[in-house]
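Below: data.txt (compact mmCIF, C-alpha atoms)
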```
# COMPACT_ATOMS: atom_id res chain seq x y z
CA MET A 237 0.00 0.00 0.00
CA ASN A 238 2.82 2.38 0.83
CA PHE A 239 4.32 1.78 -2.61
CA LEU A 240 0.97 2.41 -4.34
CA SER A 241 0.45 5.58 -2.34
CA LEU A 242 3.87 6.83 -3.34
CA LEU A 243 3.21 5.95 -7.00
CA LEU A 244 -0.12 7.81 -7.00
CA ALA A 245 1.52 10.83 -5.38
CA LEU A 246 4.18 10.89 -8.08
CA ILE A 247 1.56 10.64 -10.85
CA VAL A 248 -0.51 13.49 -9.35
CA CYS A 249 2.63 15.62 -8.99
CA HIS A 250 3.62 14.93 -12.64
CA LEU A 251 0.13 15.81 -13.88
CA SER A 252 0.17 19.06 -11.92
CA ILE A 253 3.41 19.97 -13.70
CA ILE A 254 2.32 19.15 -17.27
CA ALA A 255 -1.27 20.47 -16.97
CA PRO A 256 -0.30 24.14 -17.49
CA ALA A 257 1.78 23.16 -20.52
CA LEU A 258 -1.18 21.28 -21.97
CA ALA A 259 -3.43 24.29 -21.35
CA ALA A 260 -0.92 26.56 -23.11
CA SER A 261 -0.73 24.25 -26.13
CA ALA A 262 -4.53 24.29 -26.32
CA ALA A 263 -4.58 28.09 -26.32
CA LYS A 264 -4.36 28.31 -30.11
CA ILE A 265 -7.82 27.88 -31.61
CA SER A 266 -8.51 25.73 -34.67
CA HIS A 267 -9.54 27.08 -38.07
CA GLU A 268 -13.12 25.88 -37.48
CA GLN A 269 -13.23 27.60 -34.07
CA ALA A 270 -12.01 30.79 -35.74
CA TYR A 271 -14.77 30.37 -38.33
CA GLN A 272 -17.45 30.07 -35.63
CA MET A 273 -16.11 33.16 -33.85
CA LEU A 274 -16.17 35.11 -37.12
CA LYS A 275 -19.67 33.86 -37.91
CA LYS A 276 -21.08 35.13 -34.60
CA ASP A 277 -19.53 38.56 -35.27
CA SER A 278 -19.78 39.54 -31.60
CA ALA A 279 -16.21 39.33 -30.26
CA PRO A 280 -14.36 42.67 -30.03
CA LEU A 281 -11.49 41.30 -32.13
CA VAL A 282 -13.90 40.38 -34.92
CA ARG A 283 -15.63 43.76 -34.81
CA SER A 284 -12.25 45.53 -35.05
CA LEU A 285 -11.30 43.80 -38.31
CA PRO A 286 -11.03 45.96 -41.46
CA GLN A 287 -14.08 45.99 -43.71
CA GLY A 288 -14.36 42.77 -45.71
CA GLU A 289 -11.70 40.90 -43.69
CA ARG A 290 -14.31 38.85 -41.79
CA GLU A 291 -15.82 37.53 -45.03
CA ILE A 292 -12.38 36.75 -46.50
CA LEU A 293 -11.29 34.80 -43.42
CA MET A 294 -14.55 32.83 -43.32
CA ALA A 295 -14.27 32.06 -47.04
CA THR A 296 -10.71 30.78 -46.48
CA VAL A 297 -11.99 28.23 -43.94
CA ALA A 298 -14.94 27.34 -46.17
CA LEU A 299 -12.57 26.56 -49.06
CA GLU A 300 -10.34 24.50 -46.78
CA ASN A 301 -13.41 22.33 -46.14
CA ASN A 302 -14.46 22.28 -49.84
CA ARG A 303 -17.53 24.46 -49.27
CA SER A 304 -17.12 26.35 -52.54
CA SER A 305 -20.67 27.71 -52.77
CA GLU A 306 -20.46 29.16 -49.29
CA ALA A 307 -17.11 30.79 -50.10
CA ILE A 308 -18.55 32.40 -53.24
CA GLU A 309 -21.53 33.71 -51.28
CA LEU A 310 -19.28 35.22 -48.62
CA LEU A 311 -16.98 36.82 -51.19
CA SER A 312 -19.96 38.33 -53.03
CA SER A 313 -20.53 40.68 -50.09
CA PRO A 314 -20.10 44.36 -51.04
CA ASN A 315 -17.84 44.70 -47.98
CA VAL A 316 -15.10 42.70 -49.72
CA GLY A 317 -14.51 45.20 -52.51
CA LYS A 318 -11.54 44.62 -54.83
CA ASP A 319 -9.19 42.92 -52.40
CA PRO A 320 -6.80 40.78 -54.56
CA VAL A 321 -6.79 37.96 -52.00
CA ALA A 322 -10.59 37.82 -52.20
CA ALA A 323 -10.33 37.68 -56.00
CA ARG A 324 -8.02 34.66 -55.77
CA LEU A 325 -10.29 32.92 -53.27
CA ARG A 326 -13.30 33.54 -55.52
CA ALA A 327 -11.47 32.21 -58.59
CA GLU A 328 -10.42 29.09 -56.68
CA ALA A 329 -14.00 28.52 -55.47
CA TYR A 330 -15.35 28.73 -59.02
CA ARG A 331 -12.58 26.39 -60.23
CA ARG A 332 -13.58 23.77 -57.68
CA GLN A 333 -17.24 24.17 -58.55
CA SER A 334 -16.42 23.53 -62.19
CA ILE A 335 -14.61 20.31 -61.31
CA GLN A 336 -17.46 19.13 -59.10
CA ALA A 337 -20.02 19.89 -61.80
CA ALA A 338 -18.03 17.94 -64.40
CA ILE A 339 -17.66 14.96 -62.07
CA ARG A 340 -21.40 14.98 -61.33
CA ALA A 341 -22.02 14.73 -65.07
CA GLY A 342 -21.04 11.07 -64.77
CA LYS A 343 -20.76 9.24 -68.07
CA TYR A 344 -20.83 12.52 -70.01
CA ALA A 345 -17.73 13.75 -68.23
CA HIS A 346 -15.39 11.46 -70.20
CA ALA A 347 -15.75 13.77 -73.18
CA VAL A 348 -14.05 16.57 -71.26
CA SER A 349 -11.71 14.49 -69.11
CA ALA A 350 -8.67 16.35 -70.40
CA ASP A 351 -10.21 19.69 -69.45
CA ILE A 352 -11.06 18.33 -65.98
CA GLY A 353 -7.44 17.28 -65.57
CA LYS A 354 -6.26 20.77 -66.46
CA LEU A 355 -8.67 22.30 -63.93
CA GLU A 356 -7.52 19.93 -61.21
CA HIS A 357 -3.89 20.98 -61.71
CA ALA A 358 -4.60 24.71 -62.02
CA GLY A 359 -4.88 25.47 -58.33
CA ILE A 360 -4.61 29.16 -57.44
CA GLU A 361 -2.09 30.40 -54.86
CA LEU A 362 -3.91 30.93 -51.54
CA GLU A 363 -0.95 31.21 -49.17
CA SER A 364 -1.66 34.89 -48.51
CA ALA A 365 -5.24 34.06 -47.44
CA THR A 366 -3.99 31.33 -45.11
CA LEU A 367 -1.43 33.71 -43.59
CA ARG A 368 -4.14 36.28 -42.90
CA LEU A 369 -6.27 33.62 -41.22
CA GLN A 370 -3.27 32.51 -39.16
CA ALA A 371 -2.57 36.10 -38.13
CA PHE A 372 -6.15 36.39 -36.85
CA ILE A 373 -5.82 33.09 -34.94
CA ASP A 374 -2.53 34.27 -33.40
CA GLN A 375 -4.21 37.50 -32.32
CA VAL A 376 -7.15 35.62 -30.74
CA SER A 377 -4.84 33.15 -29.01
CA SER A 378 -2.63 35.94 -27.67
CA ALA A 379 -5.67 37.82 -26.34
CA HIS A 380 -6.97 34.74 -24.51
CA ALA A 381 -3.62 33.52 -23.15
CA PRO A 382 -3.68 35.63 -19.93
CA GLN A 383 -7.17 34.32 -19.08
CA ARG A 384 -5.94 30.73 -19.25
CA VAL A 385 -3.06 31.47 -16.90
CA ALA A 386 -5.37 33.29 -14.45
CA VAL A 387 -7.62 30.25 -13.87
CA ALA A 388 -4.76 27.82 -13.28
CA LYS A 389 -4.84 26.02 -9.93
CA PRO A 390 -2.92 28.04 -7.33
CA SER A 391 -0.72 25.19 -6.17
CA PRO A 392 2.96 25.95 -5.48
CA VAL A 393 4.04 23.67 -8.34
CA ALA A 394 1.58 25.29 -10.78
CA ARG A 395 2.84 28.78 -9.93
CA THR A 396 6.40 27.66 -10.56
CA VAL A 397 5.66 26.01 -13.92
CA THR A 398 3.11 28.41 -15.46
CA ALA A 399 5.40 31.44 -15.33
CA PRO A 400 8.79 30.36 -16.68
CA ALA A 401 11.25 33.04 -17.69
CA ALA A 402 10.91 32.05 -21.39
CA ALA A 403 7.12 32.62 -21.41
CA VAL A 404 7.38 36.41 -21.58
CA PRO A 405 9.68 36.55 -24.65
CA ALA A 406 7.48 33.99 -26.45
CA ALA A 407 4.33 36.05 -25.87
CA ALA A 408 6.18 39.23 -26.79
CA SER A 409 7.40 37.68 -30.06
CA VAL A 410 3.82 36.78 -31.04
CA SER A 411 2.70 40.32 -30.27
CA LEU A 412 5.67 41.76 -32.18
CA LEU A 413 4.98 39.70 -35.29
CA GLN A 414 1.27 40.54 -35.15
CA SER A 415 1.99 44.29 -34.94
CA VAL A 416 4.38 43.99 -37.91
CA ARG A 417 1.80 42.08 -39.95
CA GLN A 418 -0.85 44.71 -39.28
CA SER A 419 1.43 47.58 -40.33
CA VAL A 420 2.66 45.80 -43.47
CA GLU A 421 -0.91 44.90 -44.43
CA ARG A 422 -2.05 48.52 -44.08
CA TRP A 423 0.93 49.62 -46.21
CA ARG A 424 0.02 47.02 -48.85
CA ARG A 425 -3.61 48.09 -48.97
CA ASP A 426 -2.82 51.79 -49.23
CA TRP A 427 -0.29 51.08 -51.98
CA ALA A 428 -2.84 49.01 -53.92
CA SER A 429 -5.51 51.70 -53.45
CA LEU A 430 -3.47 54.19 -55.56
CA ASN A 431 -3.95 56.69 -52.73
CA THR A 432 -0.36 57.90 -52.77
CA ASP A 433 -0.80 60.19 -49.75
CA ALA A 434 -2.01 57.27 -47.61
CA TYR A 435 0.78 55.07 -48.99
CA LEU A 436 3.53 57.60 -48.21
CA ALA A 437 2.21 58.03 -44.66
CA HIS A 438 3.80 54.64 -43.89
CA TYR A 439 7.33 56.02 -44.45
CA HIS A 440 9.57 57.50 -41.75
CA ALA A 441 10.75 61.10 -42.03
CA GLN A 442 14.34 59.80 -42.23
CA PHE A 443 13.56 57.24 -44.95
CA SER A 444 16.40 56.48 -47.36
CA ALA A 445 16.69 53.90 -50.15
CA GLY A 446 18.46 53.74 -53.47
CA GLY A 447 20.00 57.17 -52.97
CA ARG A 448 16.60 58.80 -52.37
CA ASP A 449 15.44 60.51 -49.21
CA LEU A 450 11.74 60.77 -48.38
CA ALA A 451 11.18 63.86 -50.54
CA ALA A 452 12.79 62.27 -53.60
CA TRP A 453 11.02 58.96 -52.94
CA SER A 454 7.66 60.74 -52.65
CA ALA A 455 8.16 62.60 -55.92
CA TYR A 456 9.24 59.37 -57.64
CA LYS A 457 6.25 57.38 -56.35
CA ARG A 458 3.75 60.10 -57.29
CA ARG A 459 5.15 60.10 -60.80
CA VAL A 460 5.10 56.30 -61.09
CA ASN A 461 1.64 55.77 -59.57
CA GLY A 462 0.20 58.57 -61.67
CA ASN A 463 0.71 56.41 -64.77
CA LYS A 464 -1.17 53.38 -63.42
CA THR A 465 -4.84 52.47 -63.53
CA TYR A 466 -4.58 49.63 -61.01
CA ILE A 467 -2.10 47.95 -58.66
CA HIS A 468 -2.48 44.45 -57.21
CA ILE A 469 -0.03 43.31 -54.52
CA ASN A 470 0.11 39.91 -52.86
CA ILE A 471 2.35 39.34 -49.83
CA SER A 472 3.23 35.87 -48.54
CA ASN A 473 5.68 34.19 -46.17
CA LEU A 474 6.17 37.33 -44.07
CA ARG A 475 8.69 36.87 -41.25
CA ILE A 476 11.02 38.88 -39.02
CA VAL A 477 14.62 38.21 -40.13
CA GLY A 478 16.43 40.74 -37.92
CA GLY A 479 15.89 42.42 -34.57
CA PRO A 480 14.31 43.79 -32.60
CA ILE A 481 17.15 46.18 -31.82
CA GLN A 482 17.31 49.73 -30.50
CA VAL A 483 18.39 52.44 -32.95
CA ALA A 484 18.26 56.22 -32.93
CA GLN A 485 14.70 56.13 -34.32
CA GLY A 486 13.43 53.65 -31.67
CA GLU A 487 12.77 49.92 -31.89
CA ALA A 488 13.77 48.38 -35.24
CA VAL A 489 13.12 45.12 -37.06
CA LEU A 490 13.93 43.81 -40.50
CA VAL A 491 11.13 41.86 -42.17
CA ALA A 492 11.18 39.83 -45.38
CA PHE A 493 8.39 38.45 -47.57
CA THR A 494 7.57 37.30 -51.07
CA GLN A 495 5.90 40.06 -53.06
CA LYS A 496 3.86 39.53 -56.22
CA TYR A 497 3.28 42.89 -57.88
CA GLU A 498 1.00 43.55 -60.83
CA SER A 499 -0.06 46.89 -62.25
CA SER A 500 -1.48 48.20 -65.52
CA ASN A 501 2.05 48.54 -66.96
CA TYR A 502 4.36 46.26 -64.96
CA SER A 503 4.46 42.98 -63.01
CA ALA A 504 7.14 41.20 -60.98
CA ASN A 505 7.70 38.56 -58.29
CA SER A 506 10.49 39.26 -55.81
CA LEU A 507 11.84 38.93 -52.30
CA LYS A 508 11.12 42.20 -50.50
CA LYS A 509 12.62 43.51 -47.27
CA LEU A 510 11.41 46.40 -45.13
CA TYR A 511 13.44 48.04 -42.37
CA LEU A 512 10.76 49.09 -39.88
CA VAL A 513 11.00 51.34 -36.84
CA ARG A 514 8.62 52.63 -34.18
CA ALA A 515 9.28 55.20 -31.46
CA ARG A 516 7.54 53.17 -28.74
CA PRO A 517 5.53 49.92 -28.34
CA GLY A 518 1.99 50.35 -29.59
CA ASP A 519 2.93 52.84 -32.30
CA PRO A 520 2.52 51.77 -35.94
CA TRP A 521 5.70 50.63 -37.66
CA LEU A 522 7.16 53.05 -40.23
CA ILE A 523 9.47 52.18 -43.13
CA LEU A 524 13.01 53.49 -42.66
CA SER A 525 14.36 51.72 -45.74
CA GLU A 526 13.25 49.08 -48.23
CA GLY A 527 14.94 46.84 -50.74
CA GLY A 528 15.76 43.26 -51.68
CA ARG A 529 18.12 40.52 -50.54
CA ASN A 530 21.03 42.85 -49.69
CA LEU A 531 19.14 44.96 -47.15
CA SER A 532 20.44 44.17 -43.66
CA LEU A 533 19.86 45.26 -40.09
CA GLY A 534 23.06 46.58 -38.52
CA ARG A 535 25.00 49.53 -37.24
CA ALA A 536 26.26 50.63 -40.65
CA ILE A 537 22.77 51.14 -42.08
CA ASP A 538 21.59 52.73 -38.82
CA ARG A 539 24.31 55.36 -39.04
CA ARG A 540 23.61 55.93 -42.72
CA LEU A 541 19.90 56.46 -42.20
CA ALA A 542 20.36 58.62 -39.13
CA ALA A 543 22.59 60.92 -41.19
CA HIS A 544 19.89 61.25 -43.91
CA LYS A 545 22.25 60.21 -46.65
CA GLN A 546 23.74 57.17 -48.33
CA PRO A 547 27.53 57.41 -48.84
CA SER A 548 29.00 56.22 -52.11
CA PRO A 549 32.41 54.63 -52.57
CA ALA A 550 35.14 56.68 -54.19
CA SER A 551 34.97 54.45 -57.26
CA ALA A 552 31.93 52.29 -57.99
CA TRP A 553 29.78 50.79 -60.74
CA VAL A 554 26.36 51.61 -62.18
CA ILE A 555 24.12 49.79 -64.66
CA ASN A 556 23.06 51.80 -67.69
CA LEU A 557 19.67 50.58 -68.90
CA ALA A 558 19.16 53.08 -71.74
CA SER A 559 20.32 56.44 -73.07
CA PHE A 560 18.16 59.28 -74.49
CA ASP A 561 18.70 62.65 -76.13
CA SER A 562 15.59 63.89 -74.33
CA LYS A 563 15.48 64.03 -70.53
CA GLU A 564 11.68 63.81 -70.65
CA ALA A 565 11.93 60.48 -72.51
CA ALA A 566 14.34 59.12 -69.89
CA GLU A 567 12.05 60.22 -67.06
CA ARG A 568 9.05 58.60 -68.79
CA MET A 569 10.94 55.30 -68.87
CA VAL A 570 11.73 55.54 -65.15
CA ALA A 571 8.13 56.47 -64.37
CA GLY A 572 6.88 53.37 -66.14
CA MET A 573 9.23 51.04 -64.33
CA GLN A 574 8.68 49.22 -61.02
CA VAL A 575 11.92 47.40 -60.36
CA SER A 576 14.44 47.41 -57.53
CA SER A 577 17.58 45.52 -56.61
CA GLY A 578 19.01 45.51 -53.10
CA GLY A 579 17.21 48.73 -52.21
CA ARG A 580 18.30 50.47 -55.45
CA THR A 581 15.81 52.02 -57.84
CA PRO A 582 16.17 53.50 -61.36
CA SER A 583 17.20 57.13 -61.80
CA VAL A 584 18.15 59.54 -64.59
CA ALA A 585 21.75 60.79 -64.86
CA ASP A 586 22.99 63.50 -67.23
CA THR A 587 26.41 62.96 -68.79
CA SER A 588 28.43 64.40 -71.65
CA VAL A 589 29.35 62.19 -74.62
CA GLY A 590 31.39 63.81 -77.40
CA GLY A 591 30.40 67.27 -76.26
CA LYS A 592 26.70 66.37 -76.26
CA VAL A 593 24.59 65.91 -73.13
CA VAL A 594 22.72 62.60 -72.98
CA HIS A 595 20.33 61.32 -70.32
CA ARG A 596 20.93 57.78 -69.07
CA VAL A 597 18.54 55.60 -67.12
CA ARG A 598 20.70 53.99 -64.45
CA MET A 599 20.60 51.50 -61.60
CA GLY A 600 23.23 51.71 -58.87
CA ILE A 601 25.59 52.30 -57.15
CA TYR A 602 27.43 48.95 -56.68
CA ASP A 603 30.67 48.57 -54.72
CA ASP A 604 32.29 46.12 -57.12
CA LYS A 605 31.98 45.07 -60.74
CA ALA A 606 30.96 41.47 -59.99
CA ALA A 607 27.93 42.57 -57.94
CA ALA A 608 26.94 45.08 -60.61
CA ASN A 609 27.28 42.49 -63.38
CA ALA A 610 25.13 39.96 -61.49
CA ALA A 611 22.46 42.59 -60.86
CA MET A 612 22.54 43.69 -64.53
CA THR A 613 21.95 40.12 -65.72
CA SER A 614 18.87 39.79 -63.53
CA ILE A 615 17.40 43.28 -64.02
CA CYS A 616 17.85 43.48 -67.77
CA ALA A 617 16.39 40.00 -68.26
CA THR A 618 13.36 41.05 -66.20
CA LEU A 619 12.91 44.23 -68.26
CA GLN A 620 13.72 42.42 -71.53
CA LEU A 621 16.49 44.90 -72.33
CA SER A 622 19.40 43.67 -74.46
CA GLY A 623 21.57 46.79 -74.60
CA CYS A 624 22.47 47.27 -70.92
CA TRP A 625 26.08 48.10 -70.02
CA LEU A 626 28.19 48.77 -66.93
CA GLU A 627 29.96 52.04 -66.23
CA GLN A 628 32.52 52.95 -63.60
CA VAL A 629 31.79 56.22 -61.83
CA ASN A 630 33.38 58.36 -59.12
```

As structure tokens - that is how I would like this structure written.
Amino acid sequence: MNFLSLLLALIVCHLSIIAPALAASAAKISHEQAYQMLKKDSAPLVRSLPQGEREILMATVALENNRSSEAIELLSSPNVGKDPVAARLRAEAYRRQSIQAAIRAGKYAHAVSADIGKLEHAGIELESATLRLQAFIDQVSSAHAPQRVAVAKPSPVARTVTAPAAAVPAAASVSLLQSVRQSVERWRRDWASLNTDAYLAHYHAQFSAGGRDLAAWSAYKRRVNGNKTYIHINISNLRIVGGPIQVAQGEAVLVAFTQKYESSNYSANSLKKLYLVRARPGDPWLILSEGGRNLSLGRAIDRRLAAHKQPSPASAWVINLASFDSKEAAERMVAGMQVSSGGRTPSVADTSVGGKVVHRVRMGIYDDKAAANAAMTSICATLQLSGCWLEQVN
């Protein structure tokens, strides 16, 4: 009996230790639970969602469970508007309906079996919708986590186990990522809306990228966006790849994501990085710099941005994309382009050739010839330009 009593005591003690961990693992709600919460439309978190987001999130879950008709009905709501993620969800729902209709046709379906096969392999990318649903679930789980800890049994063991030192950083990291996602999503929406004033409001006063400060960047973006009738932007696989660290402008992080850009005169898929800062927790993140793979989070870039300028090496390389006799023609080319490489964007440079001033569309500056040559190969292939050349400048 003494042995059994001791064994039972050990089991009870072990359960009291693992119970809080099990409760924490159960904190994250399932997709179906998120759907039911969205359907009721009564929770404060649901009511605070941007217009149309509730319908998009519900449609994402409906499609995951092959409820295509329900997804189409949800996405037909006037609240959804022209959100590109909603458009992809709607297209995928109609695609699945077409397959189901063909299969229901039974013996008549063999006549279009090849077309059915094409439909079945033409799935539309929905990762961005899933990420938005996951962001909502993370937000709900984070909001409910303190309540779960509060109702834990007040035994000495439970108090020791439910508040480990690592719990605070984990919760903070969820909150940090959620705040970044919200700011990046607002930036994406304002960019896609062609409301350039709203879009530029996401940039820090000390912004610098590709040799442009905020004033030059604003003028460039107004010129570029003025030539477009629509912009669609899809962001996926967003993650924090650097930070948080403290810089002169406040708390800073470096985020990376896959960006699919499409407008009335240009389209591109690329890895995008944003260097974000905020003066204090709770403030929206602002963009201090943006670029591609070469953008990093470190002291050198902090000093550069704090000084409002981007130093150039004594001798460096630029990519010449084209040359014009007319400066207006060169500026029109730049205005119609939407391409960047490592934070660099196209610009117009005036130079003298044989006593005549010409206006070159350039990309740069690059510290060494090998980096410039690699960038030229990629950029000129993307723009379908065959006459690009490198030039060494001071």

Kindly compute an axis-aligned box around the listed atoms of stretch 464-469 of chain A, allowing 4 Å on each side, and express its centre and edge lengths in Å to one decimal as JSON.
```
{"center_x": -2.4, "center_y": 48.3, "center_z": -59.0, "size_x": 12.8, "size_y": 18.1, "size_z": 17.0}
```

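Considering the residues A:Tyr502, A:Tyr497, A:Phe560, A:Tyr466 and counting all atoms listed in the file, A:Val597 has its shortest atom-to-atom contact with A:Phe560.
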
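Picture a line from atom CA of A:Gln418 to atom CA of A:Ala322; it runs 17.6 Å.
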
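Distance annotation: of A:Val594, A:Ala298, A:Val420, A:Ala606, the residue with the minimal separation from A:Leu512 is A:Val420; atom set is all atoms listed in the file.
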
What separation in Å, quoted to one decimal, exists between atom CA of A:His440 and atom CA of A:Lys496?
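Atom-to-atom, atom CA of A:His440 and atom CA of A:Lys496 are spaced 23.8 Å apart.
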
Polymer residues at most 9 Å from stretch 365-378 of chain A, all atoms listed in the file, same-chain spacing of 5 or more positions, as a list in words:
Ala263, Lys264, Ile265, Ser266, His267, Ala270, Leu281, Val282, Glu289, Ile292, Leu293, Met294, Thr296, Val297, Val321, Ala322, Arg324, Leu325, Ala407, Val410, Ser411, Leu413, Gln414, Arg417, Gln418, Ser472, Asn473 and Leu474 of chain A

Same residues, C-alpha atoms, saved as a PDB file, keeping the file's coordinate frame:
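Written output follows (result.pdb):
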```pdb
ATOM      1  CA  ALA A 263      -4.580  28.090 -26.320  1.00  0.00           C
ATOM      2  CA  LYS A 264      -4.360  28.310 -30.110  1.00  0.00           C
ATOM      3  CA  ILE A 265      -7.820  27.880 -31.610  1.00  0.00           C
ATOM      4  CA  SER A 266      -8.510  25.730 -34.670  1.00  0.00           C
ATOM      5  CA  HIS A 267      -9.540  27.080 -38.070  1.00  0.00           C
ATOM      6  CA  ALA A 270     -12.010  30.790 -35.740  1.00  0.00           C
ATOM      7  CA  LEU A 281     -11.490  41.300 -32.130  1.00  0.00           C
ATOM      8  CA  VAL A 282     -13.900  40.380 -34.920  1.00  0.00           C
ATOM      9  CA  GLU A 289     -11.700  40.900 -43.690  1.00  0.00           C
ATOM     10  CA  ILE A 292     -12.380  36.750 -46.500  1.00  0.00           C
ATOM     11  CA  LEU A 293     -11.290  34.800 -43.420  1.00  0.00           C
ATOM     12  CA  MET A 294     -14.550  32.830 -43.320  1.00  0.00           C
ATOM     13  CA  THR A 296     -10.710  30.780 -46.480  1.00  0.00           C
ATOM     14  CA  VAL A 297     -11.990  28.230 -43.940  1.00  0.00           C
ATOM     15  CA  VAL A 321      -6.790  37.960 -52.000  1.00  0.00           C
ATOM     16  CA  ALA A 322     -10.590  37.820 -52.200  1.00  0.00           C
ATOM     17  CA  ARG A 324      -8.020  34.660 -55.770  1.00  0.00           C
ATOM     18  CA  LEU A 325     -10.290  32.920 -53.270  1.00  0.00           C
ATOM     19  CA  ALA A 407       4.330  36.050 -25.870  1.00  0.00           C
ATOM     20  CA  VAL A 410       3.820  36.780 -31.040  1.00  0.00           C
ATOM     21  CA  SER A 411       2.700  40.320 -30.270  1.00  0.00           C
ATOM     22  CA  LEU A 413       4.980  39.700 -35.290  1.00  0.00           C
ATOM     23  CA  GLN A 414       1.270  40.540 -35.150  1.00  0.00           C
ATOM     24  CA  ARG A 417       1.800  42.080 -39.950  1.00  0.00           C
ATOM     25  CA  GLN A 418      -0.850  44.710 -39.280  1.00  0.00           C
ATOM     26  CA  SER A 472       3.230  35.870 -48.540  1.00  0.00           C
ATOM     27  CA  ASN A 473       5.680  34.190 -46.170  1.00  0.00           C
ATOM     28  CA  LEU A 474       6.170  37.330 -44.070  1.00  0.00           C
TER      29      LEU A 474
END
```
